[in-house]
Amino acid sequence: MESSEEKIGLFPLVGIIVSAIVGAGIFNLMKEMANTASAGVTIVGWIIAGVGMGSLAFCMENLNNKRPDLDSGIFSYAQEGFGDYIGFNSVWGYWISVNIGNVAFGTLLFSALGYFFPVFGDGQNVFSIIGASVVLWIIHFMILRGLDKATLLNAVVMVAKMIPILIFIVCILFAFNTDIFFADFWGNLASNGSSASIFEQLKGTVLVTVWVFIGIEGAVVFSSRAKKRSDVGKATLLGFAAVTLIYATVTVFSYGILSQQQLQDLPNPAMAFVLEHIIGKTGAIIVNLGVIVSIFGAWIANTLLAEEVAYQAGVQGLFPKIFTKENENNMPINSTIITNVIIQVMLLSFLFTDEAYSLLSQLSSSTILLPYTCVALFQMKLIWQSKEKATVKNLVVGVIATIYMLWLIIASGSTFIILTILALCPGTIMYMYVKRTKGERVFTNYEWVFFTIVIALSIYGVFQLPTLLAT
């Protein structure tokens with residue numbers, strides 16, 4: 001990747017972020033919000049999520065400016081700040097999360113196609129898995145043709161998938177009904193037979209919003225391949241601002257089209273039926289086409305993130321050296337192959353069970369919080385160690401991001417702890433192999449303590465797994 005022509009500019013970086021974040025989730029987000037909270041609480045929830053995730057985005061921008069030498073993606077902050085083992089767990093958790101997300105894209109893509117072609121059913125039958133496998137390897141070979149071509153295609157798809165979303169936004173703005181919107185504005189959620197307090201609604205809303213921001217780190221992952229280092233921070237903030245505005249508009253204004261109860265009862269994808277309520281059957285067709293394009297774009301972006309983070313981990317000596325091999329187009333061929341083979345195996349698993357999907361989805365959500373938390377903690381560590389007086393902005397965003405991430409971990413409950421630890425433990429085997437191969441000491445003294453805690457909690461998690469699967 002020597003020439004600037006092969007590197008990524010500002011717009012493609014923003015495209016990677018937007019495509020990675022705006023996947024299939026946006027098309028069902030108003031229903032998920034309605035299941036959790038009223039219109040008023042949803043607005044407050046978006047404000048809290050915007051401040052929390054926005055602070056994380058500002059942390060990434062600041063770290064990119066302060067430590068330009070750390071260009072191996074989001075996990076490099078964890079490695080530099082807290083050692084190789086924490087850094088490995090950060091990249092391992094991130095890689096798992098993105099890979100599982102790609103499996104979800106495969107099933108969701110053909111679930112949307114099932115609206116037009118019933119043979120694909122719910123996206124988890126034999127025909128859907130065959131179709132998803134074909135798409136998987138088409139994306140694989142497109143990416144291996146070169147990063148510039150892949151990011152250009154991703155940018156084109158990003159623009160195409162925003163068209164139905166913008167149509168939806170225009171329609172709900174014109175059809176917005178204030179009487180529907182303000183009816184029971186701070187209402188009590190009673191879908192489970194009991195009312196929910198504003199705080200309970202708010203907690204659920206914020207937990208919903210955090211998952212839809214996965215991908216905010218897209219520009220940081222590709223920081224070593226950016227044309228200008230300054231574009232990384234700009235892309236992170238621009239991508240975050242654009243996505244937050246889109247998400248908030250889509251969800252909040254939907255409460256002015258249908259009541260909270262009506263939104264709860266909508267089939268998937270909910271956006272299709274909200275638009276159908278406004279302009280008829282054409283609305284459902286437009287949105288389902290948008291789902292298909294959106295998922296395809298998010299799949300490309302996520303594959304780029306997955307192969308790049310594994311490649312960078314290999315460069316930094318956290319993953320085996322095999323991940324660092326590049327082809328004639330300067331693309332990490334082994335990293336891409338290994339990533340997509342894992343996804344292929346996960347897709348095939350749906351031939352034998354339909355129970356694994358919900359567990360894998362939870363795992364994808366839970367493992368992403370570790371690298372995010374390490375970003376916030378590294379920001380605080382740099383401020384603490386800095387000989388220069390930290391700016392008020394950096395201190396404030398560091399504190400807010402740290403508190404927000406730690407609160408999310410606590411609020412996620414025991415499920416997060418169990419799933420995350422069970423995901424981290426197998427990765428430790430690869431970490432130990434890499435260290436032994438390099439002839440290095442596997443753990444430092446404090447890493448032995450962390451490793452012991454991981455093992456103890458993983459044993460606890462194994463015993464708790466049957467209960468978790470049952471629920």
# chains A, B, ... in the order shown; residues from 1 in each chain; ligands from 1
>>> residues_around(residues="Gly106 in chain A", least_positions_apart="2", cutoff="12 Å", atoms="only C-alpha atoms", output="PyMOL selection string")
chain A and resi 23-24+99-104+108-113+120+122-125+127-137+139+292+294-300+302-303+340+343-344+346-348+350+357
>>> select_by_dssp(residues="range 196-361 of chain A", states="alpha helix (DSSP H)", output="VMD selection string")
chain A and resid 198 to 211 218 to 221 229 to 254 260 to 264 270 to 279 281 to 315 333 to 348 356 to 361
>>> closest_residue(among="A:Gly9, A:Pro164, A:Gly45, A:Gly114", to="Leu275 in chain A", atoms="only C-alpha atoms")
A:Pro164
>>> residues_around(residues="Val434 in chain A", least_positions_apart="4", cutoff="9 Å", atoms="only C-alpha atoms", output="NGL selection string")
:A and (317-321 or 429-430 or 438-440 or 442)
>>> write_last_selection(atoms="C-alpha atoms", output="CSV table (one decimal), in the first residue's frame")
chain,number,residue,atom,x,y,z
A,317,GLY,CA,2.1,-10.0,16.6
A,318,LEU,CA,-1.1,-10.7,18.3
A,319,PHE,CA,-2.5,-13.1,15.6
A,320,PRO,CA,-0.4,-15.7,13.8
A,321,LYS,CA,1.8,-14.4,11.0
A,429,ILE,CA,-5.2,-20.6,23.2
A,430,MET,CA,-4.2,-18.8,20.0
A,438,LYS,CA,7.9,-16.0,19.0
A,439,GLY,CA,9.7,-17.2,22.1
A,440,GLU,CA,8.2,-14.5,24.2
A,442,VAL,CA,3.2,-15.4,27.6
>>> residues_around(residues="range 166-176 of chain A", least_positions_apart="2", cutoff="12 Å", atoms="only C-alpha atoms", output="PyMOL selection string")
chain A and resi 26-27+159-164+178-182+245-259+270-280+282-288+290
>>> write_last_selection(atoms="N, CA and C atoms", output="tab-separated table (two decimals), in the first residue's frame")
chain	number	residue	atom	x	y	z
A	26	ILE	N	-31.81	-0.53	11.13
A	26	ILE	CA	-32.58	0.70	11.03
A	26	ILE	C	-34.00	0.43	10.54
A	27	PHE	N	-34.20	-0.62	9.77
A	27	PHE	CA	-35.51	-0.90	9.19
A	27	PHE	C	-36.48	-1.50	10.20
A	159	VAL	N	-24.82	5.16	-1.02
A	159	VAL	CA	-25.71	6.17	-1.58
A	159	VAL	C	-27.03	5.53	-2.01
A	160	ALA	N	-26.95	4.36	-2.65
A	160	ALA	CA	-28.16	3.68	-3.14
A	160	ALA	C	-29.09	3.29	-1.99
A	161	LYS	N	-28.52	2.82	-0.90
A	161	LYS	CA	-29.38	2.35	0.19
A	161	LYS	C	-29.96	3.50	1.00
A	162	MET	N	-29.38	4.70	0.89
A	162	MET	CA	-29.92	5.84	1.60
A	162	MET	C	-31.18	6.39	0.92
A	163	ILE	N	-31.39	6.05	-0.36
A	163	ILE	CA	-32.54	6.58	-1.09
A	163	ILE	C	-33.86	6.16	-0.45
A	164	PRO	N	-34.11	4.84	-0.20
A	164	PRO	CA	-35.39	4.48	0.44
A	164	PRO	C	-35.52	5.03	1.86
A	178	THR	N	-49.44	15.28	15.15
A	178	THR	CA	-49.06	15.66	16.51
A	178	THR	C	-49.96	15.03	17.56
A	179	ASP	N	-51.24	14.80	17.23
A	179	ASP	CA	-52.15	14.19	18.19
A	179	ASP	C	-51.71	12.78	18.55
A	180	ILE	N	-51.29	12.01	17.54
A	180	ILE	CA	-50.80	10.65	17.79
A	180	ILE	C	-49.49	10.70	18.56
A	181	PHE	N	-48.63	11.65	18.19
A	181	PHE	CA	-47.30	11.73	18.79
A	181	PHE	C	-47.37	12.06	20.28
A	182	PHE	N	-48.22	13.01	20.65
A	182	PHE	CA	-48.25	13.46	22.04
A	182	PHE	C	-49.23	12.68	22.92
A	245	LEU	N	-28.39	11.41	13.39
A	245	LEU	CA	-29.50	12.20	12.88
A	245	LEU	C	-30.52	11.32	12.16
A	246	ILE	N	-30.03	10.40	11.34
A	246	ILE	CA	-30.92	9.50	10.59
A	246	ILE	C	-31.70	8.59	11.54
A	247	TYR	N	-30.99	7.95	12.47
A	247	TYR	CA	-31.63	7.04	13.42
A	247	TYR	C	-32.70	7.74	14.24
A	248	ALA	N	-32.35	8.90	14.81
A	248	ALA	CA	-33.28	9.62	15.68
A	248	ALA	C	-34.52	10.05	14.90
A	249	THR	N	-34.33	10.54	13.67
A	249	THR	CA	-35.46	10.98	12.86
A	249	THR	C	-36.38	9.83	12.52
A	250	VAL	N	-35.81	8.72	12.09
A	250	VAL	CA	-36.61	7.55	11.69
A	250	VAL	C	-37.44	7.03	12.85
A	251	THR	N	-36.85	6.94	14.02
A	251	THR	CA	-37.56	6.35	15.16
A	251	THR	C	-38.54	7.32	15.80
A	252	VAL	N	-38.10	8.53	16.11
A	252	VAL	CA	-38.94	9.48	16.85
A	252	VAL	C	-40.18	9.86	16.04
A	253	PHE	N	-40.03	10.19	14.77
A	253	PHE	CA	-41.16	10.65	13.98
A	253	PHE	C	-42.13	9.51	13.63
A	254	SER	N	-41.69	8.27	13.76
A	254	SER	CA	-42.61	7.15	13.54
A	254	SER	C	-43.72	7.13	14.58
A	255	TYR	N	-43.44	7.69	15.77
A	255	TYR	CA	-44.46	7.78	16.82
A	255	TYR	C	-45.58	8.76	16.43
A	256	GLY	N	-45.34	9.56	15.41
A	256	GLY	CA	-46.37	10.47	14.93
A	256	GLY	C	-47.16	9.90	13.77
A	257	ILE	N	-46.88	8.67	13.39
A	257	ILE	CA	-47.61	7.98	12.32
A	257	ILE	C	-48.51	6.91	12.92
A	258	LEU	N	-47.94	6.10	13.81
A	258	LEU	CA	-48.68	5.04	14.48
A	258	LEU	C	-48.44	5.15	15.98
A	259	SER	N	-49.40	4.66	16.77
A	259	SER	CA	-49.24	4.67	18.22
A	259	SER	C	-48.15	3.69	18.64
A	270	ALA	N	-40.32	-3.39	10.24
A	270	ALA	CA	-41.38	-2.48	10.65
A	270	ALA	C	-41.48	-1.25	9.75
A	271	MET	N	-40.33	-0.75	9.28
A	271	MET	CA	-40.34	0.45	8.44
A	271	MET	C	-41.21	0.26	7.20
A	272	ALA	N	-41.20	-0.95	6.64
A	272	ALA	CA	-41.99	-1.23	5.44
A	272	ALA	C	-43.47	-1.01	5.70
A	273	PHE	N	-43.93	-1.40	6.87
A	273	PHE	CA	-45.36	-1.32	7.17
A	273	PHE	C	-45.77	0.06	7.65
A	274	VAL	N	-44.80	0.83	8.21
A	274	VAL	CA	-45.08	2.23	8.52
A	274	VAL	C	-45.27	3.00	7.22
A	275	LEU	N	-44.37	2.77	6.26
A	275	LEU	CA	-44.48	3.47	4.98
A	275	LEU	C	-45.69	2.99	4.19
A	276	GLU	N	-46.02	1.71	4.33
A	276	GLU	CA	-47.22	1.17	3.68
A	276	GLU	C	-48.46	1.86	4.23
A	277	HIS	N	-48.46	2.18	5.50
A	277	HIS	CA	-49.58	2.89	6.13
A	277	HIS	C	-49.76	4.28	5.53
A	278	ILE	N	-48.64	4.87	5.06
A	278	ILE	CA	-48.69	6.24	4.53
A	278	ILE	C	-49.03	6.25	3.04
A	279	ILE	N	-48.33	5.43	2.24
A	279	ILE	CA	-48.49	5.52	0.77
A	279	ILE	C	-48.95	4.22	0.13
A	280	GLY	N	-49.27	3.21	0.95
A	280	GLY	CA	-49.79	1.97	0.40
A	280	GLY	C	-48.72	0.92	0.14
A	282	THR	N	-46.83	0.21	-2.23
A	282	THR	CA	-45.57	0.69	-2.80
A	282	THR	C	-44.54	0.95	-1.72
A	283	GLY	N	-44.99	1.43	-0.55
A	283	GLY	CA	-44.07	1.71	0.55
A	283	GLY	C	-43.36	0.47	1.03
A	284	ALA	N	-44.10	-0.64	1.15
A	284	ALA	CA	-43.49	-1.88	1.61
A	284	ALA	C	-42.46	-2.39	0.60
A	285	ILE	N	-42.76	-2.24	-0.67
A	285	ILE	CA	-41.82	-2.68	-1.72
A	285	ILE	C	-40.55	-1.85	-1.68
A	286	ILE	N	-40.70	-0.52	-1.54
A	286	ILE	CA	-39.53	0.37	-1.49
A	286	ILE	C	-38.61	0.01	-0.33
A	287	VAL	N	-39.21	-0.20	0.84
A	287	VAL	CA	-38.40	-0.49	2.03
A	287	VAL	C	-37.73	-1.85	1.93
A	288	ASN	N	-38.44	-2.86	1.45
A	288	ASN	CA	-37.83	-4.19	1.33
A	288	ASN	C	-36.69	-4.19	0.34
A	290	GLY	N	-34.87	-1.56	-0.09
A	290	GLY	CA	-33.85	-0.87	0.69
A	290	GLY	C	-33.14	-1.80	1.66
>>> atom_distance(atom1="CA of Ile455 in chain A", atom2="CA of Gly87 in chain A")
17.4 Å
>>> residues_around(residues="Asn35 in chain A", least_positions_apart="2", cutoff="10 Å", atoms="only C-alpha atoms", output="PDB file with all heavy atoms, in the first residue's frame")
ATOM      1  N   LEU A  29     -35.951  -0.537  13.688  1.00  0.00           N
ATOM      2  CA  LEU A  29     -35.578   0.163  14.911  1.00  0.00           C
ATOM      3  C   LEU A  29     -36.777   0.805  15.601  1.00  0.00           C
ATOM      4  O   LEU A  29     -36.848   0.840  16.832  1.00  0.00           O
ATOM      5  CB  LEU A  29     -34.518   1.229  14.600  1.00  0.00           C
ATOM      6  CG  LEU A  29     -33.795   1.859  15.789  1.00  0.00           C
ATOM      7  CD1 LEU A  29     -33.177   0.801  16.683  1.00  0.00           C
ATOM      8  CD2 LEU A  29     -32.731   2.826  15.296  1.00  0.00           C
ATOM      9  N   MET A  30     -37.728   1.326  14.830  1.00  0.00           N
ATOM     10  CA  MET A  30     -38.900   1.959  15.460  1.00  0.00           C
ATOM     11  C   MET A  30     -39.726   0.946  16.253  1.00  0.00           C
ATOM     12  O   MET A  30     -40.297   1.274  17.290  1.00  0.00           O
ATOM     13  CB  MET A  30     -39.765   2.673  14.415  1.00  0.00           C
ATOM     14  CG  MET A  30     -40.375   1.802  13.336  1.00  0.00           C
ATOM     15  SD  MET A  30     -39.180   1.200  12.133  1.00  0.00           S
ATOM     16  CE  MET A  30     -38.629   2.740  11.403  1.00  0.00           C
ATOM     17  N   LYS A  31     -39.768  -0.294  15.792  1.00  0.00           N
ATOM     18  CA  LYS A  31     -40.482  -1.337  16.531  1.00  0.00           C
ATOM     19  C   LYS A  31     -39.747  -1.695  17.809  1.00  0.00           C
ATOM     20  O   LYS A  31     -40.356  -1.866  18.875  1.00  0.00           O
ATOM     21  CB  LYS A  31     -40.639  -2.583  15.645  1.00  0.00           C
ATOM     22  CG  LYS A  31     -41.310  -3.756  16.349  1.00  0.00           C
ATOM     23  CD  LYS A  31     -41.433  -4.956  15.422  1.00  0.00           C
ATOM     24  CE  LYS A  31     -42.040  -6.151  16.141  1.00  0.00           C
ATOM     25  NZ  LYS A  31     -42.195  -7.316  15.228  1.00  0.00           N
ATOM     26  N   GLU A  32     -38.424  -1.826  17.726  1.00  0.00           N
ATOM     27  CA  GLU A  32     -37.634  -2.154  18.908  1.00  0.00           C
ATOM     28  C   GLU A  32     -37.751  -1.049  19.961  1.00  0.00           C
ATOM     29  O   GLU A  32     -37.831  -1.324  21.163  1.00  0.00           O
ATOM     30  CB  GLU A  32     -36.170  -2.366  18.513  1.00  0.00           C
ATOM     31  CG  GLU A  32     -35.947  -3.584  17.631  1.00  0.00           C
ATOM     32  CD  GLU A  32     -34.495  -3.737  17.230  1.00  0.00           C
ATOM     33  OE1 GLU A  32     -33.640  -3.033  17.811  1.00  0.00           O
ATOM     34  OE2 GLU A  32     -34.202  -4.542  16.337  1.00  0.00           O
ATOM     35  N   MET A  33     -37.745   0.201  19.508  1.00  0.00           N
ATOM     36  CA  MET A  33     -37.903   1.317  20.437  1.00  0.00           C
ATOM     37  C   MET A  33     -39.281   1.292  21.081  1.00  0.00           C
ATOM     38  O   MET A  33     -39.424   1.507  22.294  1.00  0.00           O
ATOM     39  CB  MET A  33     -37.697   2.642  19.703  1.00  0.00           C
ATOM     40  CG  MET A  33     -36.257   2.928  19.361  1.00  0.00           C
ATOM     41  SD  MET A  33     -35.276   3.183  20.853  1.00  0.00           S
ATOM     42  CE  MET A  33     -33.768   3.799  20.144  1.00  0.00           C
ATOM     43  N   ALA A  37     -40.031   1.769  24.947  1.00  0.00           N
ATOM     44  CA  ALA A  37     -40.331   3.077  25.537  1.00  0.00           C
ATOM     45  C   ALA A  37     -41.332   3.875  24.702  1.00  0.00           C
ATOM     46  O   ALA A  37     -41.578   3.583  23.534  1.00  0.00           O
ATOM     47  CB  ALA A  37     -39.047   3.873  25.695  1.00  0.00           C
ATOM     48  N   SER A  38     -41.857   4.915  25.333  1.00  0.00           N
ATOM     49  CA  SER A  38     -42.769   5.858  24.690  1.00  0.00           C
ATOM     50  C   SER A  38     -41.970   6.875  23.873  1.00  0.00           C
ATOM     51  O   SER A  38     -40.731   6.875  23.885  1.00  0.00           O
ATOM     52  CB  SER A  38     -43.586   6.576  25.756  1.00  0.00           C
ATOM     53  OG  SER A  38     -42.722   7.314  26.605  1.00  0.00           O
ATOM     54  N   LEU A 189     -45.302   1.468  29.577  1.00  0.00           N
ATOM     55  CA  LEU A 189     -45.255   0.277  28.741  1.00  0.00           C
ATOM     56  C   LEU A 189     -45.910  -0.878  29.498  1.00  0.00           C
ATOM     57  O   LEU A 189     -45.501  -1.210  30.600  1.00  0.00           O
ATOM     58  CB  LEU A 189     -43.804  -0.084  28.403  1.00  0.00           C
ATOM     59  CG  LEU A 189     -43.579  -1.277  27.483  1.00  0.00           C
ATOM     60  CD1 LEU A 189     -44.127  -0.987  26.097  1.00  0.00           C
ATOM     61  CD2 LEU A 189     -42.092  -1.606  27.396  1.00  0.00           C
ATOM     62  N   ALA A 190     -46.954  -1.459  28.911  1.00  0.00           N
ATOM     63  CA  ALA A 190     -47.684  -2.509  29.616  1.00  0.00           C
ATOM     64  C   ALA A 190     -47.792  -3.785  28.799  1.00  0.00           C
ATOM     65  O   ALA A 190     -48.676  -4.585  28.981  1.00  0.00           O
ATOM     66  CB  ALA A 190     -49.085  -2.013  29.954  1.00  0.00           C
ATOM     67  N   SER A 191     -46.862  -3.967  27.881  1.00  0.00           N
ATOM     68  CA  SER A 191     -46.927  -5.151  27.020  1.00  0.00           C
ATOM     69  C   SER A 191     -46.741  -6.441  27.786  1.00  0.00           C
ATOM     70  O   SER A 191     -47.152  -7.511  27.349  1.00  0.00           O
ATOM     71  CB  SER A 191     -45.857  -5.054  25.920  1.00  0.00           C
ATOM     72  OG  SER A 191     -44.571  -4.972  26.487  1.00  0.00           O
ATOM     73  N   GLN A 201     -37.939   2.287  31.184  1.00  0.00           N
ATOM     74  CA  GLN A 201     -38.039   2.482  29.734  1.00  0.00           C
ATOM     75  C   GLN A 201     -36.727   3.058  29.182  1.00  0.00           C
ATOM     76  O   GLN A 201     -36.238   2.627  28.134  1.00  0.00           O
ATOM     77  CB  GLN A 201     -39.176   3.450  29.414  1.00  0.00           C
ATOM     78  CG  GLN A 201     -40.568   2.958  29.749  1.00  0.00           C
ATOM     79  CD  GLN A 201     -41.620   3.995  29.393  1.00  0.00           C
ATOM     80  OE1 GLN A 201     -41.741   4.381  28.237  1.00  0.00           O
ATOM     81  NE2 GLN A 201     -42.373   4.461  30.383  1.00  0.00           N
ATOM     82  N   GLY A 204     -33.883   0.491  28.919  1.00  0.00           N
ATOM     83  CA  GLY A 204     -34.050  -0.381  27.764  1.00  0.00           C
ATOM     84  C   GLY A 204     -33.763   0.325  26.459  1.00  0.00           C
ATOM     85  O   GLY A 204     -33.161  -0.240  25.544  1.00  0.00           O
ATOM     86  N   THR A 205     -34.172   1.595  26.363  1.00  0.00           N
ATOM     87  CA  THR A 205     -33.945   2.365  25.139  1.00  0.00           C
ATOM     88  C   THR A 205     -32.462   2.568  24.859  1.00  0.00           C
ATOM     89  O   THR A 205     -32.000   2.387  23.735  1.00  0.00           O
ATOM     90  CB  THR A 205     -34.629   3.740  25.249  1.00  0.00           C
ATOM     91  OG1 THR A 205     -36.022   3.553  25.432  1.00  0.00           O
ATOM     92  CG2 THR A 205     -34.393   4.560  24.000  1.00  0.00           C
ATOM     93  N   GLN A 260     -47.714   3.813  19.891  1.00  0.00           N
ATOM     94  CA  GLN A 260     -46.687   2.910  20.400  1.00  0.00           C
ATOM     95  C   GLN A 260     -47.133   1.453  20.295  1.00  0.00           C
ATOM     96  O   GLN A 260     -46.365   0.585  19.878  1.00  0.00           O
ATOM     97  CB  GLN A 260     -46.352   3.251  21.856  1.00  0.00           C
ATOM     98  CG  GLN A 260     -45.267   2.364  22.459  1.00  0.00           C
ATOM     99  CD  GLN A 260     -45.008   2.674  23.925  1.00  0.00           C
ATOM    100  OE1 GLN A 260     -45.540   3.642  24.461  1.00  0.00           O
ATOM    101  NE2 GLN A 260     -44.216   1.850  24.566  1.00  0.00           N
ATOM    102  N   GLN A 261     -48.384   1.180  20.654  1.00  0.00           N
ATOM    103  CA  GLN A 261     -48.894  -0.185  20.589  1.00  0.00           C
ATOM    104  C   GLN A 261     -48.919  -0.705  19.160  1.00  0.00           C
ATOM    105  O   GLN A 261     -48.575  -1.859  18.887  1.00  0.00           O
ATOM    106  CB  GLN A 261     -50.294  -0.251  21.191  1.00  0.00           C
ATOM    107  CG  GLN A 261     -50.866  -1.670  21.302  1.00  0.00           C
ATOM    108  CD  GLN A 261     -50.034  -2.560  22.200  1.00  0.00           C
ATOM    109  OE1 GLN A 261     -49.786  -2.222  23.349  1.00  0.00           O
ATOM    110  NE2 GLN A 261     -49.596  -3.698  21.680  1.00  0.00           N
ATOM    111  N   LEU A 263     -46.953   0.287  16.698  1.00  0.00           N
ATOM    112  CA  LEU A 263     -45.568   0.042  16.286  1.00  0.00           C
ATOM    113  C   LEU A 263     -45.065  -1.281  16.844  1.00  0.00           C
ATOM    114  O   LEU A 263     -44.343  -2.019  16.158  1.00  0.00           O
ATOM    115  CB  LEU A 263     -44.674   1.190  16.770  1.00  0.00           C
ATOM    116  CG  LEU A 263     -44.851   2.543  16.064  1.00  0.00           C
ATOM    117  CD1 LEU A 263     -44.037   3.620  16.768  1.00  0.00           C
ATOM    118  CD2 LEU A 263     -44.460   2.456  14.594  1.00  0.00           C
ATOM    119  N   GLN A 264     -45.434  -1.586  18.083  1.00  0.00           N
ATOM    120  CA  GLN A 264     -45.020  -2.849  18.693  1.00  0.00           C
ATOM    121  C   GLN A 264     -45.529  -4.051  17.906  1.00  0.00           C
ATOM    122  O   GLN A 264     -44.852  -5.069  17.795  1.00  0.00           O
ATOM    123  CB  GLN A 264     -45.546  -2.946  20.127  1.00  0.00           C
ATOM    124  CG  GLN A 264     -44.917  -1.991  21.112  1.00  0.00           C
ATOM    125  CD  GLN A 264     -45.576  -2.101  22.476  1.00  0.00           C
ATOM    126  OE1 GLN A 264     -46.175  -3.103  22.815  1.00  0.00           O
ATOM    127  NE2 GLN A 264     -45.462  -1.045  23.260  1.00  0.00           N
ATOM    128  N   ASP A 265     -46.743  -3.929  17.360  1.00  0.00           N
ATOM    129  CA  ASP A 265     -47.402  -5.069  16.713  1.00  0.00           C
ATOM    130  C   ASP A 265     -47.034  -5.238  15.243  1.00  0.00           C
ATOM    131  O   ASP A 265     -47.520  -6.169  14.589  1.00  0.00           O
ATOM    132  CB  ASP A 265     -48.925  -4.907  16.828  1.00  0.00           C
ATOM    133  CG  ASP A 265     -49.410  -4.958  18.276  1.00  0.00           C
ATOM    134  OD1 ASP A 265     -48.683  -5.552  19.111  1.00  0.00           O
ATOM    135  OD2 ASP A 265     -50.488  -4.400  18.561  1.00  0.00           O
TER     136      ASP A 265
END
>>> closest_residue(among="A:Val41, A:Val212, A:Leu56, A:Ala313", to="Ser197 in chain A", atoms="only C-alpha atoms")
A:Val41
